[in-house]
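Have a look at entry-v9.cif below; it lists mmCIF, C-alpha atoms and all ligand atoms.
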data_structure
#
loop_
_atom_site.label_atom_id
_atom_site.label_comp_id
_atom_site.auth_asym_id
_atom_site.auth_seq_id
_atom_site.Cartn_x
_atom_site.Cartn_y
_atom_site.Cartn_z
CA MET A 126 -0.59 -1.20 -12.64
CA LYS A 127 -1.67 -4.17 -14.72
CA ILE A 128 -1.89 -7.77 -13.58
CA HIS A 129 -2.30 -11.10 -15.37
CA GLU A 130 -5.63 -12.72 -16.13
CA TYR A 131 -4.99 -15.56 -13.67
CA GLN A 132 -4.18 -13.09 -10.88
CA GLY A 133 -7.32 -11.09 -11.66
CA LYS A 134 -9.34 -14.28 -11.49
CA GLN A 135 -7.79 -15.29 -8.16
CA LEU A 136 -8.77 -11.90 -6.75
CA PHE A 137 -12.26 -12.20 -8.31
CA SER A 138 -12.71 -15.58 -6.72
CA ALA A 139 -11.64 -14.28 -3.30
CA SER A 140 -14.30 -11.56 -3.66
CA GLY A 141 -17.04 -14.03 -4.58
CA VAL A 142 -17.02 -13.21 -8.31
CA PRO A 143 -17.54 -16.55 -10.11
CA VAL A 144 -14.73 -17.75 -12.39
CA PRO A 145 -14.01 -21.11 -14.07
CA LYS A 146 -11.57 -23.51 -12.42
CA GLY A 147 -8.01 -23.00 -13.57
CA ILE A 148 -4.38 -23.91 -12.83
CA VAL A 149 -1.20 -21.94 -13.53
CA ALA A 150 1.44 -23.76 -15.60
CA LYS A 151 5.04 -22.73 -16.15
CA THR A 152 6.22 -25.83 -18.04
CA PRO A 153 4.64 -28.11 -20.69
CA GLN A 154 4.47 -30.92 -18.12
CA GLU A 155 2.59 -28.67 -15.68
CA ALA A 156 0.14 -27.84 -18.46
CA ALA A 157 -0.44 -31.57 -19.09
CA ASP A 158 -0.89 -32.23 -15.36
CA ALA A 159 -3.29 -29.31 -15.10
CA PHE A 160 -5.45 -30.82 -17.85
CA THR A 161 -5.61 -34.10 -15.95
CA LYS A 162 -6.40 -32.40 -12.66
CA LEU A 163 -9.24 -30.36 -14.16
CA GLN A 164 -10.89 -33.67 -15.14
CA GLY A 165 -12.83 -32.18 -18.05
CA ALA A 166 -13.19 -33.43 -21.62
CA VAL A 167 -11.80 -30.09 -22.83
CA ALA A 168 -9.64 -27.35 -21.36
CA VAL A 169 -8.34 -24.03 -22.60
CA VAL A 170 -4.64 -23.15 -22.52
CA LYS A 171 -4.20 -19.39 -22.18
CA SER A 172 -1.06 -17.27 -22.61
CA GLN A 173 -0.55 -14.89 -19.71
CA VAL A 174 0.63 -11.50 -20.94
CA HIS A 175 -0.47 -7.99 -20.00
CA ALA A 176 -2.33 -7.52 -23.27
CA GLY A 177 -5.66 -8.51 -24.75
CA GLY A 178 -6.50 -10.05 -28.11
CA ARG A 179 -4.64 -13.26 -27.21
CA GLY A 180 -7.27 -15.52 -28.75
CA LYS A 181 -6.61 -14.04 -32.20
CA GLY A 182 -2.90 -13.45 -31.57
CA THR A 183 -0.17 -15.66 -33.05
CA PHE A 184 3.43 -16.43 -32.14
CA LYS A 185 6.44 -15.12 -34.02
CA GLU A 186 8.13 -18.52 -33.76
CA HIS A 187 4.94 -20.48 -34.58
CA PRO A 188 2.66 -18.53 -36.91
CA GLU A 189 -0.06 -21.23 -36.73
CA GLN A 190 -0.20 -21.21 -32.94
CA ARG A 191 -2.86 -19.04 -31.25
CA GLY A 192 -2.45 -17.40 -27.85
CA VAL A 193 -5.59 -19.10 -26.44
CA VAL A 194 -6.34 -22.67 -27.54
CA LEU A 195 -8.87 -25.37 -26.80
CA VAL A 196 -7.24 -28.72 -25.96
CA LYS A 197 -8.78 -32.19 -25.67
CA SER A 198 -6.12 -34.23 -23.89
CA ALA A 199 -3.12 -33.90 -21.59
CA ASP A 200 -0.81 -34.51 -24.56
CA ASP A 201 -2.62 -31.85 -26.54
CA ALA A 202 -2.11 -29.42 -23.63
CA ARG A 203 1.60 -30.32 -23.42
CA ASN A 204 2.21 -29.90 -27.17
CA ASN A 205 0.53 -26.51 -27.29
CA ALA A 206 2.34 -25.37 -24.14
CA GLU A 207 5.66 -26.37 -25.70
CA ARG A 208 5.07 -24.01 -28.60
CA MET A 209 3.70 -21.20 -26.43
CA LEU A 210 6.12 -21.04 -23.51
CA GLY A 211 9.16 -18.93 -24.24
CA SER A 212 7.72 -17.78 -27.56
CA THR A 213 6.67 -14.27 -28.49
CA LEU A 214 2.97 -13.60 -28.78
CA VAL A 215 1.86 -10.78 -31.06
CA THR A 216 -1.66 -9.41 -30.60
CA LYS A 217 -3.46 -6.23 -31.59
CA GLN A 218 -2.46 -4.80 -28.21
CA THR A 219 1.21 -5.88 -27.94
CA GLY A 220 2.41 -4.04 -31.04
CA ASP A 221 4.79 -5.67 -33.52
CA VAL A 222 7.46 -6.44 -30.93
CA GLY A 223 5.07 -8.79 -29.14
CA GLN A 224 5.42 -10.15 -25.63
CA LYS A 225 7.25 -13.27 -24.50
CA VAL A 226 4.98 -15.82 -22.80
CA GLN A 227 6.41 -17.13 -19.52
CA THR A 228 3.24 -18.37 -17.86
CA LEU A 229 0.15 -20.27 -19.00
CA TYR A 230 -3.24 -20.62 -17.40
CA VAL A 231 -5.04 -23.89 -18.03
CA GLU A 232 -8.75 -23.53 -17.48
CA GLN A 233 -11.76 -25.81 -17.61
CA GLY A 234 -13.54 -25.51 -20.96
CA LEU A 235 -17.01 -24.12 -20.47
CA ASP A 236 -20.27 -24.78 -22.26
CA ILE A 237 -20.90 -21.22 -23.43
CA LYS A 238 -24.48 -20.23 -24.22
CA LYS A 239 -23.89 -16.51 -24.57
CA GLU A 240 -20.85 -14.24 -24.53
CA LEU A 241 -21.42 -10.80 -23.00
CA TYR A 242 -19.19 -7.80 -22.38
CA LEU A 243 -18.75 -6.21 -18.97
CA ALA A 244 -16.44 -3.49 -17.74
CA VAL A 245 -16.20 -1.11 -14.83
CA VAL A 246 -14.18 2.05 -15.36
CA VAL A 247 -14.08 5.57 -13.94
CA ASP A 248 -16.10 8.13 -15.86
CA ARG A 249 -13.98 11.21 -15.26
CA GLU A 250 -16.50 13.60 -16.73
CA VAL A 251 -19.24 12.50 -14.36
CA GLY A 252 -16.85 11.75 -11.51
CA LEU A 253 -18.25 8.29 -10.79
CA PRO A 254 -17.48 4.69 -11.61
CA VAL A 255 -19.60 3.31 -14.44
CA VAL A 256 -20.62 -0.21 -15.42
CA ILE A 257 -20.55 -0.86 -19.16
CA PHE A 258 -22.58 -3.86 -20.26
CA SER A 259 -23.19 -5.27 -23.73
CA SER A 260 -24.71 -8.28 -25.40
CA GLU A 261 -21.81 -8.29 -27.87
CA GLY A 262 -19.18 -10.20 -25.90
CA GLY A 263 -15.93 -11.63 -27.20
CA MET A 264 -15.71 -8.84 -29.76
CA ASP A 265 -13.71 -5.68 -29.96
CA ILE A 266 -15.81 -3.32 -27.83
CA GLU A 267 -14.49 -0.25 -29.69
CA GLU A 268 -15.95 -1.72 -32.89
CA VAL A 269 -19.31 -2.32 -31.21
CA ALA A 270 -19.28 1.26 -29.94
CA GLU A 271 -18.73 2.44 -33.53
CA SER A 272 -21.19 0.26 -35.39
CA HIS A 273 -23.87 -0.52 -32.76
CA PRO A 274 -23.74 2.07 -29.97
CA GLU A 275 -27.30 1.08 -28.98
CA LYS A 276 -26.00 -2.34 -27.94
CA ILE A 277 -23.95 -0.85 -25.11
CA ALA A 278 -25.64 0.01 -21.80
CA ARG A 279 -24.09 2.16 -19.08
CA GLU A 280 -24.94 2.70 -15.45
CA HIS A 281 -23.08 4.98 -13.04
CA PHE A 282 -23.00 4.04 -9.40
CA ASP A 283 -22.10 5.61 -6.10
CA PRO A 284 -18.85 4.03 -4.83
CA GLY A 285 -20.14 4.11 -1.27
CA MET A 286 -23.48 2.47 -2.03
CA GLY A 287 -22.26 0.13 -4.74
CA LEU A 288 -24.32 -0.96 -7.73
CA LEU A 289 -27.88 -1.42 -6.47
CA PRO A 290 -30.06 -4.39 -7.51
CA PHE A 291 -32.44 -2.22 -9.54
CA GLN A 292 -29.47 -0.86 -11.47
CA ALA A 293 -28.28 -4.37 -12.28
CA ARG A 294 -31.81 -5.24 -13.49
CA LYS A 295 -31.90 -2.09 -15.60
CA LEU A 296 -28.60 -3.07 -17.25
CA ALA A 297 -29.82 -6.63 -17.87
CA ALA A 298 -33.03 -5.34 -19.46
CA ALA A 299 -31.12 -2.83 -21.59
CA ILE A 300 -29.11 -5.58 -23.29
CA GLY A 301 -32.10 -7.91 -23.65
CA LEU A 302 -31.26 -10.71 -21.21
CA ASP A 303 -34.05 -13.18 -20.46
CA ALA A 304 -35.37 -13.76 -16.92
CA ALA A 305 -32.73 -16.34 -16.04
CA GLY A 306 -29.95 -14.16 -17.44
CA ALA A 307 -31.24 -11.11 -15.56
CA LYS A 308 -31.26 -13.08 -12.33
CA ALA A 309 -27.63 -14.09 -12.85
CA ALA A 310 -26.69 -10.49 -13.69
CA GLU A 311 -28.42 -9.21 -10.56
CA SER A 312 -26.08 -11.38 -8.51
CA PHE A 313 -22.93 -10.86 -10.60
CA LEU A 314 -22.87 -7.14 -11.42
CA PRO A 315 -22.94 -5.71 -7.86
CA LYS A 316 -20.08 -8.06 -6.92
CA ILE A 317 -17.81 -6.81 -9.69
CA ALA A 318 -18.75 -3.20 -8.89
CA LYS A 319 -17.76 -3.79 -5.27
CA PHE A 320 -14.55 -5.52 -6.38
CA PHE A 321 -13.71 -2.45 -8.48
CA VAL A 322 -14.15 -0.05 -5.55
CA ASP A 323 -12.50 -2.24 -2.89
CA HIS A 324 -9.37 -2.77 -5.00
CA ASP A 325 -9.05 0.83 -6.24
CA CYS A 326 -9.16 -0.30 -9.86
CA SER A 327 -9.00 2.02 -12.80
CA MET A 328 -10.44 -0.78 -14.93
CA ALA A 329 -12.00 -4.20 -14.45
CA GLU A 330 -12.93 -5.63 -17.85
CA ILE A 331 -14.48 -9.02 -18.45
CA ASN A 332 -14.68 -9.89 -22.12
CA PRO A 333 -16.30 -12.26 -22.46
CA LEU A 334 -18.57 -12.61 -19.48
CA VAL A 335 -20.40 -15.84 -20.19
CA LEU A 336 -23.75 -17.36 -19.50
CA THR A 337 -23.50 -21.15 -19.48
CA GLY A 338 -26.12 -23.66 -20.56
CA GLU A 339 -27.18 -23.81 -16.91
CA ASN A 340 -27.56 -20.01 -16.80
CA LYS A 341 -24.51 -19.55 -14.61
CA MET A 342 -22.65 -16.29 -15.12
CA LEU A 343 -18.83 -16.48 -15.00
CA ALA A 344 -15.87 -14.25 -15.83
CA LEU A 345 -14.09 -15.99 -18.71
CA ASP A 346 -11.50 -13.28 -19.05
CA ALA A 347 -10.18 -10.77 -16.51
CA LYS A 348 -8.37 -7.57 -17.33
CA VAL A 349 -7.74 -5.69 -14.12
CA THR A 350 -5.78 -2.45 -13.81
CA PHE A 351 -5.15 -0.79 -10.46
CA ASP A 352 -4.99 2.96 -10.01
CA ASP A 353 -1.28 3.71 -9.43
CA ASN A 354 -2.18 6.60 -7.16
CA ALA A 355 -3.91 4.23 -4.75
CA LEU A 356 -1.22 1.55 -4.66
CA PHE A 357 0.05 2.85 -1.32
CA ARG A 358 -3.17 1.50 0.20
CA HIS A 359 -2.54 -1.99 -1.17
CA LYS A 360 0.96 -3.08 -0.24
CA ASP A 361 -0.06 -6.67 -0.99
CA PHE A 362 -0.39 -5.83 -4.71
CA ASP A 363 3.41 -5.60 -4.90
CA ALA A 364 3.54 -9.38 -5.03
CA LEU A 365 1.31 -9.31 -8.15
CA ARG A 366 3.69 -7.14 -10.11
CA ASP A 367 5.37 -8.81 -13.11
CA LEU A 368 8.34 -6.64 -14.03
CA LEU A 369 8.99 -8.76 -17.14
CA GLU A 370 5.79 -7.28 -18.59
CA GLU A 371 6.76 -3.69 -17.92
CA ASP A 372 9.03 -1.38 -19.85
CA PRO A 373 12.46 -1.59 -18.08
CA SER A 374 13.07 2.16 -18.27
CA GLU A 375 9.64 2.84 -16.75
CA VAL A 376 10.40 0.42 -13.90
CA ARG A 377 13.69 2.23 -13.30
CA ALA A 378 12.01 5.65 -13.34
CA GLN A 379 9.40 4.50 -10.88
CA ALA A 380 12.11 3.35 -8.47
CA ALA A 381 13.65 6.84 -8.65
CA GLY A 382 10.29 8.54 -8.04
CA LEU A 383 10.02 9.93 -11.57
CA SER A 384 6.96 9.89 -13.81
CA TYR A 385 8.23 8.54 -17.10
CA VAL A 386 6.43 7.20 -20.13
CA LYS A 387 8.45 6.01 -23.11
CA LEU A 388 7.27 7.18 -26.54
CA GLU A 389 8.35 6.59 -30.12
CA GLY A 390 10.13 9.85 -31.03
CA ASN A 391 13.77 10.97 -30.77
CA ILE A 392 13.72 14.11 -28.62
CA GLY A 393 14.21 13.31 -24.96
CA CYS A 394 12.32 15.63 -22.59
CA LEU A 395 13.22 16.43 -19.00
CA VAL A 396 10.58 18.66 -17.44
CA ASN A 397 9.28 19.54 -14.00
CA GLY A 398 5.51 19.36 -13.65
CA ALA A 399 3.12 17.15 -15.59
CA GLY A 400 1.30 20.07 -17.24
CA LEU A 401 4.54 21.63 -18.41
CA ALA A 402 5.72 18.23 -19.66
CA MET A 403 2.55 17.91 -21.75
CA SER A 404 2.85 21.38 -23.27
CA THR A 405 6.55 20.76 -23.97
CA MET A 406 5.60 17.66 -25.94
CA ASP A 407 2.91 19.62 -27.79
CA LEU A 408 5.36 22.33 -28.77
CA ILE A 409 7.95 19.83 -29.97
CA LYS A 410 5.30 18.31 -32.22
CA LEU A 411 4.09 21.72 -33.38
CA HIS A 412 7.60 22.49 -34.59
CA GLY A 413 7.96 19.22 -36.46
CA GLY A 414 9.69 17.04 -33.86
CA GLU A 415 8.65 13.85 -32.05
CA PRO A 416 9.10 13.49 -28.27
CA ALA A 417 10.88 10.32 -27.11
CA ASN A 418 9.19 10.36 -23.75
CA PHE A 419 7.09 12.08 -21.15
CA LEU A 420 9.18 12.79 -18.06
CA ASP A 421 8.14 14.75 -15.02
CA VAL A 422 10.92 15.00 -12.44
CA GLY A 423 8.45 16.53 -10.01
CA GLY A 424 8.50 19.67 -7.94
CA GLY A 425 11.35 18.78 -5.61
CA ALA A 426 13.77 16.75 -7.70
CA ASN A 427 17.30 16.44 -6.32
CA VAL A 428 20.65 15.90 -8.01
CA GLU A 429 20.32 12.09 -7.84
CA GLN A 430 16.91 12.17 -9.48
CA VAL A 431 17.97 14.50 -12.27
CA THR A 432 21.06 12.36 -12.88
CA GLU A 433 18.96 9.20 -13.01
CA ALA A 434 16.51 10.99 -15.32
CA PHE A 435 19.35 11.75 -17.75
CA ARG A 436 20.55 8.16 -17.55
CA ILE A 437 17.08 6.87 -18.39
CA LEU A 438 16.68 9.31 -21.29
CA LEU A 439 20.07 8.53 -22.77
CA ALA A 440 19.70 4.78 -22.38
CA ASP A 441 17.06 5.02 -25.11
CA PRO A 442 19.00 4.59 -28.39
CA ASN A 443 16.31 6.59 -30.23
CA VAL A 444 17.15 9.77 -28.32
CA LYS A 445 19.11 12.11 -30.61
CA ALA A 446 18.66 15.36 -28.65
CA VAL A 447 17.43 16.39 -25.22
CA LEU A 448 15.26 19.32 -24.22
CA VAL A 449 15.32 20.39 -20.58
CA ASN A 450 12.42 22.63 -19.68
CA ILE A 451 12.28 23.79 -16.09
CA PHE A 452 10.10 26.28 -14.33
CA GLY A 453 11.79 27.15 -11.06
CA GLY A 454 9.13 27.61 -8.43
CA ILE A 455 9.61 25.68 -5.24
CA MET A 456 12.76 24.32 -6.83
CA LYS A 457 15.09 27.14 -7.74
CA CYS A 458 16.63 27.31 -11.23
CA ASP A 459 20.18 27.31 -9.87
CA THR A 460 19.51 24.08 -7.98
CA ILE A 461 18.41 22.49 -11.22
CA VAL A 462 21.46 23.77 -13.07
CA THR A 463 23.74 22.37 -10.38
CA ALA A 464 22.02 19.02 -10.82
CA LEU A 465 22.18 19.37 -14.59
CA LEU A 466 25.91 20.10 -14.64
CA THR A 467 26.64 17.25 -12.25
CA ALA A 468 24.55 14.90 -14.35
CA TYR A 469 26.30 16.16 -17.49
CA ASP A 470 29.65 15.06 -16.10
CA THR A 471 28.56 11.79 -14.53
CA VAL A 472 26.33 10.53 -17.32
CA GLY A 473 28.38 11.83 -20.24
CA ILE A 474 25.89 13.58 -22.48
CA THR A 475 26.83 13.16 -26.14
CA VAL A 476 23.68 14.44 -27.86
CA PRO A 477 22.73 18.11 -28.30
CA LEU A 478 21.19 19.57 -25.15
CA VAL A 479 18.81 22.54 -25.20
CA VAL A 480 17.86 24.12 -21.89
CA ARG A 481 15.04 26.52 -21.14
CA LEU A 482 14.82 27.89 -17.63
CA GLU A 483 12.38 30.34 -16.09
CA GLY A 484 11.46 31.35 -12.58
CA THR A 485 13.23 31.78 -9.25
CA ASN A 486 16.96 32.62 -9.54
CA VAL A 487 16.86 32.31 -13.32
CA GLU A 488 19.56 34.98 -13.86
CA LEU A 489 22.03 33.16 -11.65
CA ALA A 490 21.16 29.84 -13.29
CA ARG A 491 21.69 31.18 -16.83
CA LYS A 492 25.02 32.62 -15.79
CA MET A 493 26.08 29.25 -14.37
CA LEU A 494 25.13 27.54 -17.62
CA ALA A 495 26.97 30.09 -19.76
CA GLU A 496 30.10 29.83 -17.63
CA SER A 497 30.10 26.05 -17.44
CA GLY A 498 31.92 25.74 -20.74
CA LYS A 499 29.69 22.83 -21.69
CA LYS A 500 27.97 22.42 -25.03
CA ILE A 501 24.54 23.46 -23.88
CA THR A 502 22.18 25.60 -25.96
CA SER A 503 20.14 28.08 -23.96
CA ALA A 504 16.63 28.99 -25.01
CA THR A 505 14.72 32.10 -24.02
CA ASP A 506 11.22 30.68 -24.04
CA LEU A 507 9.30 27.53 -24.79
CA THR A 508 8.82 28.12 -28.50
CA ASP A 509 12.47 29.06 -28.91
CA ALA A 510 13.46 25.88 -27.05
CA ALA A 511 11.25 23.64 -29.17
CA LYS A 512 12.53 25.23 -32.41
CA LYS A 513 16.14 24.92 -31.32
CA VAL A 514 15.93 21.30 -30.28
CA VAL A 515 14.15 20.32 -33.51
CA ALA A 516 16.81 22.23 -35.48
CA THR A 517 19.61 20.16 -33.90
CA LEU A 518 18.24 17.13 -35.68
CA GLY A 519 18.85 18.88 -38.99
CA ALA A 520 15.44 17.85 -40.38
P1 LIG B 601 -8.36 -12.50 -25.22
O1 LIG B 601 -9.43 -11.51 -24.87
O2 LIG B 601 -7.01 -12.04 -24.82
O3 LIG B 601 -8.44 -12.93 -26.65
P2 LIG B 601 -9.95 -14.45 -23.73
O4 LIG B 601 -9.69 -14.90 -22.37
O5 LIG B 601 -11.10 -13.51 -23.91
O6 LIG B 601 -8.60 -13.84 -24.34
O7 LIG B 601 -10.17 -15.76 -24.63
C1 LIG B 601 -10.47 -15.69 -26.02
C2 LIG B 601 -11.68 -16.55 -26.35
O8 LIG B 601 -11.43 -17.90 -25.99
C3 LIG B 601 -12.92 -16.16 -25.58
O9 LIG B 601 -13.64 -15.16 -26.23
C4 LIG B 601 -13.68 -17.48 -25.51
O10 LIG B 601 -14.47 -17.62 -26.66
C5 LIG B 601 -12.60 -18.52 -25.52
N1 LIG B 601 -12.35 -19.03 -24.13
C6 LIG B 601 -11.54 -18.48 -23.22
N2 LIG B 601 -11.56 -19.16 -22.06
C7 LIG B 601 -12.44 -20.17 -22.23
C8 LIG B 601 -12.93 -21.26 -21.40
N3 LIG B 601 -12.50 -21.40 -20.14
N4 LIG B 601 -13.84 -22.09 -21.93
C9 LIG B 601 -14.27 -21.94 -23.21
N5 LIG B 601 -13.85 -20.97 -24.04
C10 LIG B 601 -12.95 -20.08 -23.57
MG MG B 602 -10.99 -11.39 -23.77
#

Can the structure in the file be given as structure tokens, please?
Ligand code: ADP
Ligand code: MG
Amino acid sequence: MKIHEYQGKQLFSASGVPVPKGIVAKTPQEAADAFTKLQGAVAVVKSQVHAGGRGKGTFKEHPEQRGVVLVKSADDARNNAERMLGSTLVTKQTGDVGQKVQTLYVEQGLDIKKELYLAVVVDREVGLPVVIFSSEGGMDIEEVAESHPEKIAREHFDPGMGLLPFQARKLAAAIGLDAAGAKAAESFLPKIAKFFVDHDCSMAEINPLVLTGENKMLALDAKVTFDDNALFRHKDFDALRDLLEEDPSEVRAQAAGLSYVKLEGNIGCLVNGAGLAMSTMDLIKLHGGEPANFLDVGGGANVEQVTEAFRILLADPNVKAVLVNIFGGIMKCDTIVTALLTAYDTVGITVPLVVRLEGTNVELARKMLAESGKKITSATDLTDAAKKVVATLGA
């Protein structure tokens, strides 16, 4: 689950992680008032969308307008806000469709001496959280990793112990901070590491992390992602959710207890089990097709869930054929076919449907399919299923 920069900063602040002063604005007038309230000579007006690259991003409606701008007066803040609010921001991370800006964050403009990069993520190979620290802040970190890998320092830490002071000093030394910078890092880094663990994040990225002229270290940006599997421990995060930023079909799937990820292709997939869903997508690709989605209905899907799954798949106008691939284990094949046939009638499936079933009660299930009189193509195995569904597209 992603949250907005301003929400990340509010959480940072509550955890003692230093951030600049800022005010949320939903109208141009609020942006002007925020400038006045901040009492600085300059402020920064920042688009709030769940995507990075806003500083370099531009608006579809106003190609000259950037997603993050420095303003020098209340009027300046208002004029920029007028162009930004309700307009569509396109950045490297939003894709061509862009994202509509509904909220702005007006922040005090800082005297930046140095821009650094800081992130905490989970290193799955090592099985520990890791702090990534670099002197090259404000830049695309992937580019730095390509061209100057030596400028990126990493330090794993034990989630129970947190990042220890010597580890913070090691990181500071590795990126060449001076004594004052190292001192600031020794205070800042353990706090963000603790924030990461306490909030069950999958990522906390601060780019840039800045050192001011007075050697204060502050988070100038905040990209926080929570681990969805831990959300049950943080009921309060529900209030941070912005459904306008999420894919509507993914929101719908989540409500039905389905794991669904929309993709660009045209073959809808309905599968039980994440591993099987992945291999189904692989096989579709191998045989020249493009999956329209990842969808795992889970081990114990019921008729309602399968029906909702079909609705979600078919609501995607790109979907030109559907492949159902079920391994009946805990859930018997005939149960799935009952659900499938019910869904077929209620949803009204108009695209070719290929079904591959295997496992418990498969004979009975195949018989039910054959006798249903519906236009459903049966497949004997996975490869056969993938070939058949690709063939329906007549490519
Ligand atoms: P994004 O990463 O989406 O482009 P950032 O929050 O990193 O957005 O802002 C882009 C750039 O704008 C930063 O790299 C920084 O140079 C500048 N900036 C952002 N906030 C401030 C601020 N409060 N004071 C001064 N400069 C800022
Ligand atoms: Mg940034």

Original post:
Can you tell me, as a list in words, what residues are no more than 9 Å from Ile317 (chain A) when counting all atoms listed in the file, ignoring any on the same chain fewer than 3 positions away?
Top reply: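 Those residues are Phe137, Ser140, Gly141, Val142, Ala244, Val245, Leu288, Phe313, Leu314, Phe320, Phe321, Val322 and Ala329 of chain A.
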
**OP:** Select, counting all atoms listed in the file, all protein, DNA and RNA residues no farther than 10 Å from (5.6, 20.3, -19.3) in file coordinates, and express the selection as an MDAnalysis selection string.
**Re:** chainID A and resid 394:408 419:421 449:452 507

Closest atom pairs, residues of chain A within 6 Å of ligand LIG 601 (chain B), only C-alpha atoms and all ligand atoms, as CSV:
residue,atom,partner,partner_atom,distance
A:Val169,CA,B:LIG601,C8,5.5
A:Gly177,CA,B:LIG601,O2,3.8
A:Gly178,CA,B:LIG601,O3,3.8
A:Arg179,CA,B:LIG601,O2,3.6
A:Gly180,CA,B:LIG601,O3,3.5
A:Lys181,CA,B:LIG601,O3,5.9
A:Val193,CA,B:LIG601,O7,6.0
A:Glu232,CA,B:LIG601,N3,5.1
A:Gln233,CA,B:LIG601,N3,5.1
A:Gly234,CA,B:LIG601,N4,3.6
A:Leu235,CA,B:LIG601,N4,4.0
A:Gly263,CA,B:LIG601,O9,4.3
A:Asn332,CA,B:LIG601,O5,5.4
A:Pro333,CA,B:LIG601,O9,5.4
A:Leu345,CA,B:LIG601,N2,5.3
A:Asp346,CA,B:LIG601,O4,4.1

**OP:** Using all atoms listed in the file, determine which residues lie at most 12 Å from Pro373 (chain A), disregarding the query and same-chain residues fewer than 3 positions distant; provide the list as an NGL selection string.
**Re:** :A and (367-370 or 376-380 or 385-387 or 437 or 440-441)

Subject >> Counting all atoms listed in the file, the option among A:Leu241, A:Ala364, A:Leu214, A:Ala347 closest to ligand MG 602 (chain B) >> reply: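 When distances to ligand MG 602 (chain B) are compared using all atoms listed in the file, the smallest one comes from A:Ala347.
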
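For region 495-499 of chain A, the non-local neighbours within 9 Å, defined as residues at least 4 positions apart in the same chain or in other chains and counting all atoms listed in the file, are Leu466, Tyr469, Ala490, Arg491 and Ser503 of chain A.
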
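If only C-alpha atoms and all ligand atoms are the atoms counted, then among A:Val149, A:Val335, A:Ile128, A:Ala278 the closest residue to ligand MG 602 (chain B) is A:Val335.
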
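For the set A:Ala176, A:Val194, A:Val251, A:Met493, the residue with the smallest atom-to-atom gap to Glu371 (chain A) is A:Ala176, counting all atoms listed in the file.
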
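With all atoms listed in the file taken into account, the protein and nucleic acid residues at most 10 Å from region 220-225 of chain A (excluding it and anything under 3 positions from it in its own chain) are A:Ser172, A:Gln173, A:Val174, A:His175, A:Ala176, A:Gly182, A:Thr183, A:Phe184, A:Lys185, A:Met209, A:Leu210, A:Gly211, A:Ser212, A:Thr213, A:Leu214, A:Val215, A:Thr216, A:Lys217, A:Thr228, A:Leu369, A:Glu370.
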
**OP:** Compile the contact shell of Thr502 (chain A) as a list in words: residues with an atom at most 12 Å away, counting only C-alpha atoms, same-chain residues fewer than 6 positions apart removed.
**Re:**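 Once the nearby chain positions are removed, what remains is Ala446, Val447, Leu448, Val449, Asn450, Val476, Pro477, Leu478, Val479, Val480, Arg481, Leu482, Arg491, Leu494, Ala495, Asp509, Ala510, Ala511, Lys512, Lys513, Val514, Ala516 and Thr517 of chain A.
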
Original post:
Expressed in Å to a single decimal, how great is the separation between CA of Glu250 (chain A) and CA of Asp372 (chain A)?
Top reply: 29.8 Å

**OP:** Return the single residue from A:Val515, A:Met328, A:Ile455, A:Leu356 that is closest to Asp248 (chain A), with distances computed using only C-alpha atoms.
**Re:** A:Met328

Original post:
Looking at A:Gln135, A:Ser272, A:Gln218, A:Gln190, which one is nearest to ligand MG 602 (chain B), with distances taken over only C-alpha atoms and all ligand atoms?
Top reply: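 Checking each of A:Gln135, A:Ser272, A:Gln218, A:Gln190 against ligand MG 602 (chain B), counting only C-alpha atoms and all ligand atoms, the winner is A:Gln218.
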
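Between CA of Val472 (chain A) and CA of Cys458 (chain A) lies a distance of 20.3 Å.
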